[in-house]
file work_22.csv (CSV, C-alpha atoms)
chain,number,residue,atom,x,y,z
A,6,MET,CA,0.0,0.0,0.0
A,7,LYS,CA,1.4,3.4,-1.0
A,8,VAL,CA,0.8,6.2,1.5
A,9,SER,CA,1.3,9.8,0.4
A,10,VAL,CA,2.7,11.8,3.3
A,11,VAL,CA,4.2,15.2,2.3
A,12,LYS,CA,5.7,16.4,5.5
A,13,ASN,CA,8.7,18.5,6.3
A,14,ILE,CA,11.1,16.2,8.1
A,15,LEU,CA,12.1,19.0,10.5
A,16,GLU,CA,8.6,20.1,11.2
A,17,ALA,CA,8.8,19.1,14.9
A,18,ASN,CA,11.8,21.4,15.3
A,19,ASP,CA,10.2,24.1,13.2
A,20,ARG,CA,7.2,24.0,15.5
A,21,ILE,CA,9.3,24.4,18.6
A,22,ALA,CA,11.2,27.2,17.0
A,23,GLN,CA,7.9,28.9,16.2
A,24,GLU,CA,6.8,28.6,19.8
A,25,ASN,CA,10.2,30.0,21.0
A,26,ARG,CA,9.7,32.9,18.6
A,27,ALA,CA,6.3,33.6,20.0
A,28,ILE,CA,7.8,33.9,23.5
A,29,PHE,CA,10.6,36.2,22.2
A,30,ASP,CA,8.0,38.4,20.5
A,31,GLU,CA,5.9,38.6,23.6
A,32,LYS,CA,8.9,39.7,25.6
A,33,ASP,CA,9.9,42.2,22.9
A,34,LEU,CA,13.3,40.6,22.5
A,35,LEU,CA,15.6,40.7,19.5
A,36,VAL,CA,17.2,37.3,19.0
A,37,PHE,CA,20.0,36.4,16.6
A,38,ASN,CA,21.6,33.1,15.9
A,39,LEU,CA,25.4,33.5,15.4
A,40,MET,CA,27.1,30.9,13.3
A,41,SER,CA,30.6,30.3,11.9
A,42,SER,CA,33.2,27.6,11.6
A,43,PRO,CA,35.2,26.9,14.8
A,44,GLY,CA,37.7,29.6,15.6
A,45,ALA,CA,36.3,32.3,13.3
A,46,GLY,CA,35.7,34.6,16.2
A,47,LYS,CA,32.2,34.2,17.5
A,48,THR,CA,33.0,34.5,21.2
A,49,SER,CA,35.5,37.3,20.5
A,50,LEU,CA,32.9,39.3,18.6
A,51,LEU,CA,30.4,38.8,21.4
A,52,GLU,CA,32.9,40.0,24.1
A,53,LYS,CA,33.6,43.1,22.0
A,54,THR,CA,29.9,43.7,21.3
A,55,ILE,CA,28.9,43.3,24.9
A,56,ASP,CA,31.5,45.8,26.0
A,57,ALA,CA,30.4,48.3,23.5
A,58,LEU,CA,26.6,47.9,24.0
A,59,LYS,CA,26.0,46.9,27.5
A,60,GLU,CA,25.4,50.5,28.7
A,61,ASP,CA,22.6,50.9,26.1
A,62,LEU,CA,21.2,47.3,25.8
A,63,LYS,CA,20.5,44.5,28.2
A,64,ILE,CA,22.1,41.5,26.6
A,65,GLY,CA,21.8,37.8,27.3
A,66,VAL,CA,23.8,34.9,25.6
A,67,ILE,CA,23.2,31.3,25.0
A,68,GLU,CA,26.5,29.5,24.4
A,69,GLY,CA,26.4,26.3,22.3
A,70,ASP,CA,29.4,23.9,22.3
A,71,ILE,CA,29.8,20.2,22.0
A,72,GLN,CA,31.8,20.2,25.3
A,73,SER,CA,33.2,22.6,27.9
A,74,SER,CA,32.0,25.8,29.5
A,75,GLN,CA,35.0,28.0,28.5
A,76,ASP,CA,32.9,30.3,26.2
A,77,ALA,CA,30.2,30.8,28.9
A,78,GLU,CA,32.9,31.7,31.4
A,79,ARG,CA,34.4,34.3,29.1
A,80,ILE,CA,30.9,35.8,28.6
A,81,ALA,CA,30.0,35.6,32.3
A,82,GLU,CA,33.1,37.8,33.1
A,83,LYS,CA,31.2,40.6,31.3
A,84,GLY,CA,28.6,40.4,34.1
A,85,ILE,CA,25.7,39.5,31.8
A,86,PRO,CA,23.3,36.5,32.0
A,87,VAL,CA,24.7,33.5,30.0
A,88,VAL,CA,23.7,29.8,29.8
A,89,GLN,CA,25.9,27.2,28.4
A,90,ILE,CA,24.5,24.3,26.3
A,91,ASN,CA,26.7,21.2,25.9
A,92,THR,CA,25.3,19.2,23.0
A,93,GLY,CA,27.4,16.2,23.9
A,94,GLY,CA,28.3,15.5,20.3
A,95,ALA,CA,25.6,17.1,18.3
A,96,CYS,CA,26.9,19.5,15.7
A,97,HIS,CA,24.2,22.2,16.0
A,98,LEU,CA,21.6,23.7,18.4
A,99,ASP,CA,17.9,23.0,17.9
A,100,GLY,CA,14.7,24.6,19.1
A,101,ASN,CA,14.3,22.2,22.0
A,102,MET,CA,17.8,22.9,23.4
A,103,ILE,CA,17.0,26.6,23.3
A,104,ARG,CA,13.7,26.2,25.0
A,105,ASP,CA,15.3,24.3,27.8
A,106,THR,CA,17.4,27.4,28.8
A,107,PHE,CA,14.4,29.7,29.2
A,108,LYS,CA,14.0,29.0,32.9
A,109,GLU,CA,17.5,30.4,33.5
A,110,PHE,CA,16.6,33.8,32.0
A,111,ASP,CA,14.5,36.7,33.0
A,112,PHE,CA,13.4,37.8,29.5
A,113,ASP,CA,11.6,40.9,30.8
A,114,ALA,CA,15.1,42.3,31.8
A,115,LEU,CA,16.6,41.7,28.3
A,116,ASP,CA,16.6,43.6,25.0
A,117,LEU,CA,18.9,41.3,23.0
A,118,LEU,CA,19.5,37.6,23.2
A,119,VAL,CA,22.4,36.1,21.2
A,120,VAL,CA,22.5,32.4,20.5
A,121,GLU,CA,26.1,31.4,19.8
A,122,ASN,CA,25.8,28.2,17.8
A,123,VAL,CA,28.2,25.3,17.7
A,124,GLY,CA,31.2,26.0,15.4
A,125,ASN,CA,30.2,24.5,12.1
A,126,LEU,CA,29.5,26.0,8.6
A,127,VAL,CA,27.0,23.3,7.6
A,128,CYS,CA,24.4,21.9,10.1
A,129,PRO,CA,23.4,24.9,12.2
A,130,ALA,CA,21.9,26.6,9.0
A,131,GLU,CA,19.3,23.8,8.8
A,132,PHE,CA,17.8,24.1,12.3
A,133,LYS,CA,15.7,27.1,13.3
A,134,VAL,CA,15.8,28.0,17.0
A,135,GLY,CA,13.2,30.8,17.0
A,136,GLU,CA,15.6,33.6,16.0
A,137,ASP,CA,14.7,36.9,14.2
A,138,PHE,CA,17.7,36.4,11.9
A,139,LYS,CA,20.9,34.4,11.4
A,140,ALA,CA,24.3,36.2,11.5
A,141,MET,CA,27.5,34.6,10.4
A,142,ILE,CA,31.2,35.2,10.6
A,143,LEU,CA,33.8,34.2,8.0
A,144,SER,CA,37.4,34.9,8.9
A,145,VAL,CA,39.9,35.7,6.1
A,146,THR,CA,42.1,32.8,7.2
A,147,GLU,CA,39.4,30.4,6.1
A,148,GLY,CA,39.6,31.5,2.4
A,149,GLU,CA,37.5,33.1,-0.2
A,150,ASP,CA,36.0,29.8,-1.5
A,151,LYS,CA,33.7,29.3,1.5
A,152,PRO,CA,30.6,30.9,0.1
A,153,ALA,CA,30.7,28.6,-2.9
A,154,LYS,CA,31.4,25.6,-0.8
A,155,TYR,CA,28.8,26.2,1.9
A,156,PRO,CA,26.0,28.1,0.1
A,157,LEU,CA,23.2,27.3,2.5
A,158,MET,CA,24.6,29.3,5.5
A,159,PHE,CA,25.4,32.2,3.2
A,160,HIS,CA,21.9,32.0,1.8
A,161,GLU,CA,20.1,31.9,5.1
A,162,SER,CA,22.0,34.6,6.9
A,163,LYS,CA,21.0,38.3,7.0
A,164,VAL,CA,24.4,39.6,8.0
A,165,LEU,CA,28.0,38.5,7.3
A,166,LEU,CA,31.0,39.7,9.3
A,167,ILE,CA,34.3,39.2,7.6
A,168,ASN,CA,36.7,38.9,10.6
A,169,LYS,CA,40.5,39.0,11.1
A,170,ILE,CA,41.0,41.6,8.3
A,171,ASP,CA,44.2,42.6,10.2
A,172,LEU,CA,45.7,39.3,8.9
A,173,LEU,CA,45.0,40.1,5.2
A,174,PRO,CA,48.6,41.0,4.5
A,175,TYR,CA,49.6,37.4,5.5
A,176,VAL,CA,47.0,35.3,3.8
A,177,ASP,CA,45.9,34.7,0.2
A,178,CYS,CA,42.4,35.8,0.5
A,179,SER,CA,40.5,38.6,-1.3
A,180,VAL,CA,37.7,40.3,0.7
A,181,GLU,CA,36.3,41.5,-2.6
A,182,LYS,CA,36.0,38.0,-3.9
A,183,ILE,CA,34.2,36.9,-0.6
A,184,LYS,CA,31.8,39.7,-1.0
A,185,GLU,CA,31.2,39.0,-4.7
A,186,GLU,CA,30.6,35.3,-4.1
A,187,THR,CA,28.3,36.0,-1.1
A,188,LEU,CA,26.2,38.6,-2.9
A,189,LYS,CA,25.7,36.1,-5.7
A,190,ILE,CA,24.2,33.6,-3.3
A,191,ASN,CA,22.4,36.2,-1.2
A,192,PRO,CA,22.0,39.6,-2.9
A,193,GLY,CA,20.4,41.1,0.2
A,194,MET,CA,23.3,40.3,2.7
A,195,THR,CA,24.6,43.1,4.9
A,196,ILE,CA,28.4,42.8,5.1
A,197,PHE,CA,30.9,44.2,7.6
A,198,GLU,CA,34.6,43.9,7.4
A,199,ILE,CA,36.0,43.7,10.9
A,200,SER,CA,38.9,42.8,13.2
A,201,CYS,CA,38.1,41.8,16.7
A,202,LYS,CA,41.8,42.1,17.4
A,203,THR,CA,42.3,45.7,16.4
A,204,GLY,CA,38.6,46.8,16.6
A,205,GLU,CA,38.6,48.0,13.0
A,206,GLY,CA,35.1,48.1,11.5
A,207,LEU,CA,33.3,47.2,14.7
A,208,ASP,CA,31.6,50.6,15.2
A,209,ALA,CA,29.5,50.1,12.1
A,210,TRP,CA,28.5,46.7,13.4
A,211,TYR,CA,27.5,48.0,16.8
A,212,ASN,CA,25.4,50.7,15.2
A,213,TRP,CA,23.7,48.2,13.0
A,214,VAL,CA,22.8,46.0,16.0
A,215,ARG,CA,21.4,49.1,17.8
A,216,GLU,CA,19.3,49.9,14.8
A,217,GLU,CA,18.0,46.3,14.5
A,218,VAL,CA,16.9,46.3,18.2
A,219,LYS,CA,15.2,49.7,17.6
A,220,THR,CA,13.5,48.6,14.3
A,221,ARG,CA,12.3,45.4,15.8
A,222,ARG,CA,10.8,47.2,18.8
A,223,SER,CA,8.9,49.8,16.7
A,224,ALA,CA,7.7,47.1,14.3
A,225,ARG,CA,6.2,45.2,17.2
A,226,LYS,CA,4.5,48.3,18.6
A,227,GLN,CA,2.5,48.8,15.4
B,2,MET,CA,26.9,15.2,10.6
B,3,HIS,CA,23.4,16.4,11.5
B,4,GLU,CA,22.0,13.5,9.5
B,5,MET,CA,21.5,11.5,12.7
B,6,SER,CA,19.0,14.0,14.1
B,7,ILE,CA,17.3,14.2,10.7
B,8,VAL,CA,16.9,10.5,10.5
B,9,GLN,CA,15.5,10.5,14.1
B,10,SER,CA,12.9,13.1,13.1
B,11,LEU,CA,12.2,11.0,9.9
B,12,LEU,CA,11.7,7.8,12.0
B,13,ASP,CA,9.3,9.6,14.3
B,14,ILE,CA,7.1,10.7,11.4
B,15,ILE,CA,7.3,7.2,9.8
B,16,GLN,CA,6.2,5.5,13.0
B,17,GLU,CA,3.3,7.9,13.5
B,18,GLU,CA,2.1,7.4,10.0
B,19,MET,CA,2.4,3.6,10.3
B,20,ARG,CA,0.3,3.7,13.4
B,21,LYS,CA,-2.3,5.9,11.7
B,22,HIS,CA,-2.5,3.4,8.8
B,23,ASN,CA,-2.3,0.3,10.9
B,24,ALA,CA,0.7,-0.8,8.9
B,25,LYS,CA,3.1,-3.5,10.2
B,26,LEU,CA,5.9,-3.4,7.5
B,27,LEU,CA,7.7,-0.5,5.9
B,28,ARG,CA,8.8,-1.4,2.4
B,29,SER,CA,10.2,1.9,1.3
B,30,VAL,CA,10.1,5.6,2.0
B,31,ARG,CA,10.6,8.4,-0.5
B,32,LEU,CA,12.2,11.7,0.3
B,33,ASP,CA,12.6,15.0,-1.6
B,34,ILE,CA,16.0,16.6,-0.8
B,35,GLY,CA,16.6,20.1,-2.1
B,36,GLN,CA,19.9,20.9,-3.7
B,37,LEU,CA,20.4,23.8,-1.3
B,38,SER,CA,19.8,21.7,1.9
B,39,ALA,CA,23.0,20.8,3.6
B,40,ILE,CA,22.3,17.0,3.4
B,41,VAL,CA,24.7,14.4,2.2
B,42,PRO,CA,22.5,11.6,0.8
B,43,GLU,CA,25.1,8.9,1.5
B,44,SER,CA,25.3,9.9,5.2
B,45,LEU,CA,21.5,9.9,5.4
B,46,SER,CA,21.4,6.4,3.9
B,47,PHE,CA,24.0,5.2,6.3
B,48,CYS,CA,22.3,6.7,9.4
B,49,PHE,CA,19.0,5.3,8.2
B,50,GLU,CA,20.5,1.8,8.0
B,51,VAL,CA,22.2,2.0,11.3
B,52,MET,CA,19.2,3.4,13.2
B,53,THR,CA,16.7,1.0,11.7
B,54,SER,CA,18.8,-2.2,12.0
B,55,GLY,CA,17.3,-4.5,14.6
B,56,THR,CA,14.0,-2.6,14.6
B,57,GLU,CA,10.7,-3.4,12.9
B,58,LEU,CA,11.8,-1.0,10.1
B,59,GLU,CA,14.9,-2.9,9.2
B,60,GLY,CA,15.4,-3.5,5.5
B,61,ALA,CA,13.2,-0.7,4.3
B,62,GLU,CA,14.4,1.1,1.2
B,63,LEU,CA,15.3,4.8,1.4
B,64,ILE,CA,14.7,6.5,-1.9
B,65,MET,CA,15.9,10.1,-2.3
B,66,GLU,CA,15.3,12.5,-5.0
B,67,ILE,CA,17.5,15.6,-5.3
B,68,ILE,CA,15.4,18.6,-6.2
B,69,PRO,CA,17.2,21.2,-8.3
B,70,LEU,CA,17.1,24.9,-7.2
B,71,ARG,CA,14.5,26.9,-8.9
B,72,GLY,CA,13.7,30.6,-8.6
B,73,ALA,CA,10.9,33.0,-9.6
B,74,CYS,CA,11.8,36.6,-10.4
B,75,ARG,CA,9.7,39.1,-8.4
B,76,ASP,CA,10.3,41.7,-11.2
B,77,CYS,CA,9.7,40.0,-14.5
B,78,GLY,CA,7.7,37.0,-13.1
B,79,ARG,CA,9.6,34.3,-14.9
B,80,GLU,CA,10.7,31.0,-13.4
B,81,PHE,CA,14.1,29.4,-14.0
B,82,GLU,CA,16.7,27.0,-12.6
B,83,ILE,CA,19.2,28.7,-10.3
B,84,LYS,CA,22.6,27.6,-11.5
B,85,GLU,CA,25.8,27.7,-9.4
B,86,TYR,CA,23.9,29.3,-6.6
B,87,ALA,CA,23.6,32.6,-8.4
B,88,PHE,CA,20.4,34.2,-7.1
B,89,GLU,CA,20.0,36.5,-10.0
B,90,CYS,CA,17.3,36.4,-12.7
B,91,PRO,CA,18.9,35.2,-16.0
B,92,HIS,CA,16.3,37.1,-17.9
B,93,CYS,CA,16.3,40.6,-16.4
B,94,SER,CA,19.3,40.4,-13.9
B,95,SER,CA,17.0,41.3,-11.0
B,96,PRO,CA,18.4,40.1,-7.6
B,97,HIS,CA,14.9,39.8,-6.2
B,98,ILE,CA,14.4,36.1,-6.4
B,99,ASP,CA,12.0,33.8,-4.5
B,100,THR,CA,13.3,30.3,-4.1
B,101,ILE,CA,10.4,28.1,-5.3
B,102,ALA,CA,12.2,24.7,-5.2
B,103,GLY,CA,15.5,23.2,-4.0
B,104,GLN,CA,15.2,23.8,-0.2
B,105,GLU,CA,13.0,20.7,0.5
B,106,LEU,CA,13.7,18.2,3.2
B,107,SER,CA,10.5,16.3,3.1
B,108,ILE,CA,9.0,12.8,3.2
B,109,VAL,CA,6.7,12.4,0.3
B,110,GLU,CA,5.6,8.8,0.2
B,111,MET,CA,5.8,5.5,2.0
B,112,GLU,CA,5.1,2.0,0.9
B,113,VAL,CA,3.7,-0.1,3.8
B,114,ASP,CA,1.9,-3.3,4.4

call {"tool": "encode", "arguments": {"input": "work_22.csv", "output": "C-alpha cells"}}
result
Amino acid sequence: MKVSVVKNILEANDRIAQENRAIFDEKDLLVFNLMSSPGAGKTSLLEKTIDALKEDLKIGVIEGDIQSSQDAERIAEKGIPVVQINTGGACHLDGNMIRDTFKEFDFDALDLLVVENVGNLVCPAEFKVGEDFKAMILSVTEGEDKPAKYPLMFHESKVLLINKIDLLPYVDCSVEKIKEETLKINPGMTIFEISCKTGEGLDAWYNWVREEVKTRRSARKQ
Amino acid sequence: MHEMSIVQSLLDIIQEEMRKHNAKLLRSVRLDIGQLSAIVPESLSFCFEVMTSGTELEGAELIMEIIPLRGACRDCGREFEIKEYAFECPHCSSPHIDTIAGQELSIVEMEVD
C-alpha cells in the first residue's frame, strides 16, 4: 500500500522554533543566531559587542558547544546572563535545546539575546531555534572559496561579518572575492569587514545592532 | 553530521504514519531533498540503515530524489533554474528572487503493508 505523506522532516523542530519565537515576540526581545566555523571569532565578537553595547542594551547569551563551558565563562566575566548548552556530540543547536534554557533567563530584563551556535558551517543553518535572523562570521584565514562551498549558510544569513582583516597581508584571501561570491548567493546580505583584534570596522556593526533592536521594537508596537 | 538528528525526526514521522494506517511493515520511504539543503545523501542512507537495524523498520528502502534549485523573479515574473547558486534572474538580472524549489527536506511517500 502506498501512502502519500508530504511532511517536512524537520517540522517538529520548526514547530518548537515557532513557539520559542512567539515567546521572544511577547517579551519584545531581538534574538539572533550567530554561526561560523570553529575559531572564526564568534565569542571574541560577542565579548567586544557586549563591552560596546552593555550600557545601552541589556544582553543575554546562550552558548552552544559540544563540550566545555569555556565560552560561557568568558561571557560571564562581562557580568551578563549566560547559559551554556553542551550538545554532547551534536553539531548544532535545535529549538528544543534553546527552550530548555528559558527557565534560566528573565526575558523581561533583556533587549537582546544572542545564540552562539556550535562552530560549524553546515548543520546549524538547517535548524531554526526561533531567531529573528541568522548572523554569520567568516574569517579571512578560512579562504574566499567558502561561500561557494557552503552556500546554505550564506543564503540563510542576514548579515556576514568578515573577521580578522588585520591578517589580510599574510593570507591569500580577497575580501572583494568573498563579497562578490556572497552577494551572488544572497544579494540582500549586509556585510561588515572587521577585526576583533584591532577593533577595526566594529563601530559600524555596533550601530547596525542598535538599529536592529530599535527597528524590531517599533515594528512590534504597530 | 546532522544526518543522525534528521533520521531521528524522519523515523518519528514514519512510526506515527504507520500507526495511523495500521501498517506493520515498511517497504520503502521516498524523500525529496533540495539541492540547497546541507544534506549528504550517502550519510543519510548510512544513518537510516544504522538506526533501523534490529527494529521493525529494518530492511526498508530509502529513496531520495534531489530537487534542483528553482527561482521565480519578483520583477519579471519568470521562473528558472538557479545555476551555481547565483540568485539573480537570468532574464532581467534582478536580484529579487524567490526560491520556489530546492530547499526541500520532506518525506513524500511511504510504501507499507

call {"tool": "interface_residues", "arguments": {"input": "work_22.csv", "of": "chain A", "to": "chain B", "cutoff": "7 Å", "atoms": "all atoms listed in the file", "output": "ChimeraX atom specification"}}
result
/A:6-15,96,127-128,157,189-192

call {"tool": "residues_around", "arguments": {"input": "work_22.csv", "residues": "region 73-81 of chain A", "least_positions_apart": "3", "cutoff": "12 Å", "atoms": "all atoms listed in the file", "output": "MDAnalysis selection string"}}
result
chainID A and resid 44 46:56 64:70 84:94 119:124

call {"tool": "atom_distance", "arguments": {"input": "work_22.csv", "atom1": "CA of Leu58 (chain A)", "atom2": "CA of Tyr211 (chain A)"}}
result
7.3 Å

call {"tool": "atom_distance", "arguments": {"input": "work_22.csv", "atom1": "CA of Ala57 (chain A)", "atom2": "CA of Leu117 (chain A)"}}
result
13.5 Å

call {"tool": "atom_distance", "arguments": {"input": "work_22.csv", "atom1": "CA of Cys178 (chain A)", "atom2": "CA of Val145 (chain A)"}}
result
6.1 Å

call {"tool": "residues_around", "arguments": {"input": "work_22.csv", "residues": "Glu217 (chain A)", "least_positions_apart": "3", "cutoff": "12 Å", "atoms": "all atoms listed in the file", "output": "PyMOL selection string"}}
result
chain A and resi 34-37+62+116-117+137-138+163-164+210-214+220-224

call {"tool": "residues_near_point", "arguments": {"input": "work_22.csv", "point": "(14.8, 19.9, 15.9)", "cutoff": "6 Å", "atoms": "all atoms listed in the file", "output": "tab-separated table (two decimals) with C-alpha atoms, keeping the file's coordinate frame"}}
result
chain	number	residue	atom	x	y	z
A	18	ASN	CA	11.80	21.40	15.30
A	99	ASP	CA	17.90	23.00	17.90
A	100	GLY	CA	14.70	24.60	19.10

call {"tool": "closest_residue", "arguments": {"input": "work_22.csv", "among": "A:Lys169, A:Lys59, A:Lys184, A:Arg20", "to": "Val134 (chain A)", "atoms": "all atoms listed in the file"}}
result
A:Arg20

call {"tool": "decode", "arguments": {"input": "work_22.csv", "residues": "region 90-100 of chain B", "atoms": "all heavy atoms", "output": "compact mmCIF listing (two decimals), in the first residue's frame"}}
result
# COMPACT_ATOMS: atom_id res chain seq x y z
N CYS B 90 18.19 36.86 -11.61
CA CYS B 90 17.33 36.44 -12.72
C CYS B 90 18.14 36.41 -14.02
O CYS B 90 18.75 37.41 -14.39
CB CYS B 90 16.15 37.39 -12.85
SG CYS B 90 15.11 36.99 -14.27
N PRO B 91 18.16 35.27 -14.74
CA PRO B 91 18.92 35.19 -15.99
C PRO B 91 18.25 36.00 -17.11
O PRO B 91 18.86 36.24 -18.15
CB PRO B 91 18.92 33.70 -16.32
CG PRO B 91 17.75 33.14 -15.61
CD PRO B 91 17.50 34.00 -14.41
N HIS B 92 17.01 36.43 -16.91
CA HIS B 92 16.29 37.15 -17.95
C HIS B 92 16.44 38.66 -17.79
O HIS B 92 16.74 39.36 -18.75
CB HIS B 92 14.81 36.76 -17.95
CG HIS B 92 14.60 35.28 -18.07
ND1 HIS B 92 14.86 34.59 -19.22
CD2 HIS B 92 14.20 34.35 -17.16
CE1 HIS B 92 14.62 33.30 -19.04
NE2 HIS B 92 14.23 33.14 -17.80
N CYS B 93 16.23 39.16 -16.56
CA CYS B 93 16.26 40.62 -16.38
C CYS B 93 17.32 41.08 -15.38
O CYS B 93 17.37 42.25 -15.02
CB CYS B 93 14.88 41.14 -15.97
SG CYS B 93 14.44 40.75 -14.27
N SER B 94 18.16 40.12 -14.88
CA SER B 94 19.26 40.42 -13.95
C SER B 94 18.81 40.95 -12.59
O SER B 94 19.62 41.47 -11.82
CB SER B 94 20.24 41.43 -14.56
OG SER B 94 20.78 40.89 -15.73
N SER B 95 17.52 40.83 -12.27
CA SER B 95 17.05 41.29 -10.96
C SER B 95 17.59 40.39 -9.85
O SER B 95 17.67 39.18 -10.01
CB SER B 95 15.52 41.27 -10.93
OG SER B 95 15.07 41.30 -9.59
N PRO B 96 17.98 40.97 -8.71
CA PRO B 96 18.40 40.15 -7.57
C PRO B 96 17.22 39.75 -6.67
O PRO B 96 17.43 39.11 -5.65
CB PRO B 96 19.37 41.07 -6.82
CG PRO B 96 18.85 42.44 -7.09
CD PRO B 96 18.15 42.41 -8.45
N HIS B 97 16.01 40.13 -7.05
CA HIS B 97 14.85 39.83 -6.19
C HIS B 97 14.22 38.50 -6.60
O HIS B 97 13.31 38.46 -7.42
CB HIS B 97 13.83 40.96 -6.26
CG HIS B 97 14.42 42.28 -5.91
ND1 HIS B 97 14.43 43.35 -6.77
CD2 HIS B 97 15.07 42.69 -4.79
CE1 HIS B 97 15.07 44.36 -6.20
NE2 HIS B 97 15.46 43.98 -5.00
N ILE B 98 14.75 37.44 -6.00
CA ILE B 98 14.39 36.09 -6.40
C ILE B 98 13.71 35.37 -5.25
O ILE B 98 14.21 35.41 -4.12
CB ILE B 98 15.67 35.29 -6.75
CG1 ILE B 98 16.52 36.02 -7.78
CG2 ILE B 98 15.32 33.87 -7.20
CD1 ILE B 98 15.85 36.22 -9.11
N ASP B 99 12.59 34.73 -5.51
CA ASP B 99 12.01 33.83 -4.51
C ASP B 99 12.43 32.42 -4.86
O ASP B 99 12.30 32.00 -6.01
CB ASP B 99 10.48 33.92 -4.54
CG ASP B 99 9.98 35.26 -4.02
OD1 ASP B 99 10.59 35.77 -3.06
OD2 ASP B 99 9.02 35.80 -4.59
N THR B 100 12.93 31.69 -3.87
CA THR B 100 13.30 30.30 -4.10
C THR B 100 12.01 29.47 -4.10
O THR B 100 11.30 29.46 -3.10
CB THR B 100 14.24 29.81 -3.00
OG1 THR B 100 15.31 30.75 -2.89
CG2 THR B 100 14.81 28.44 -3.32
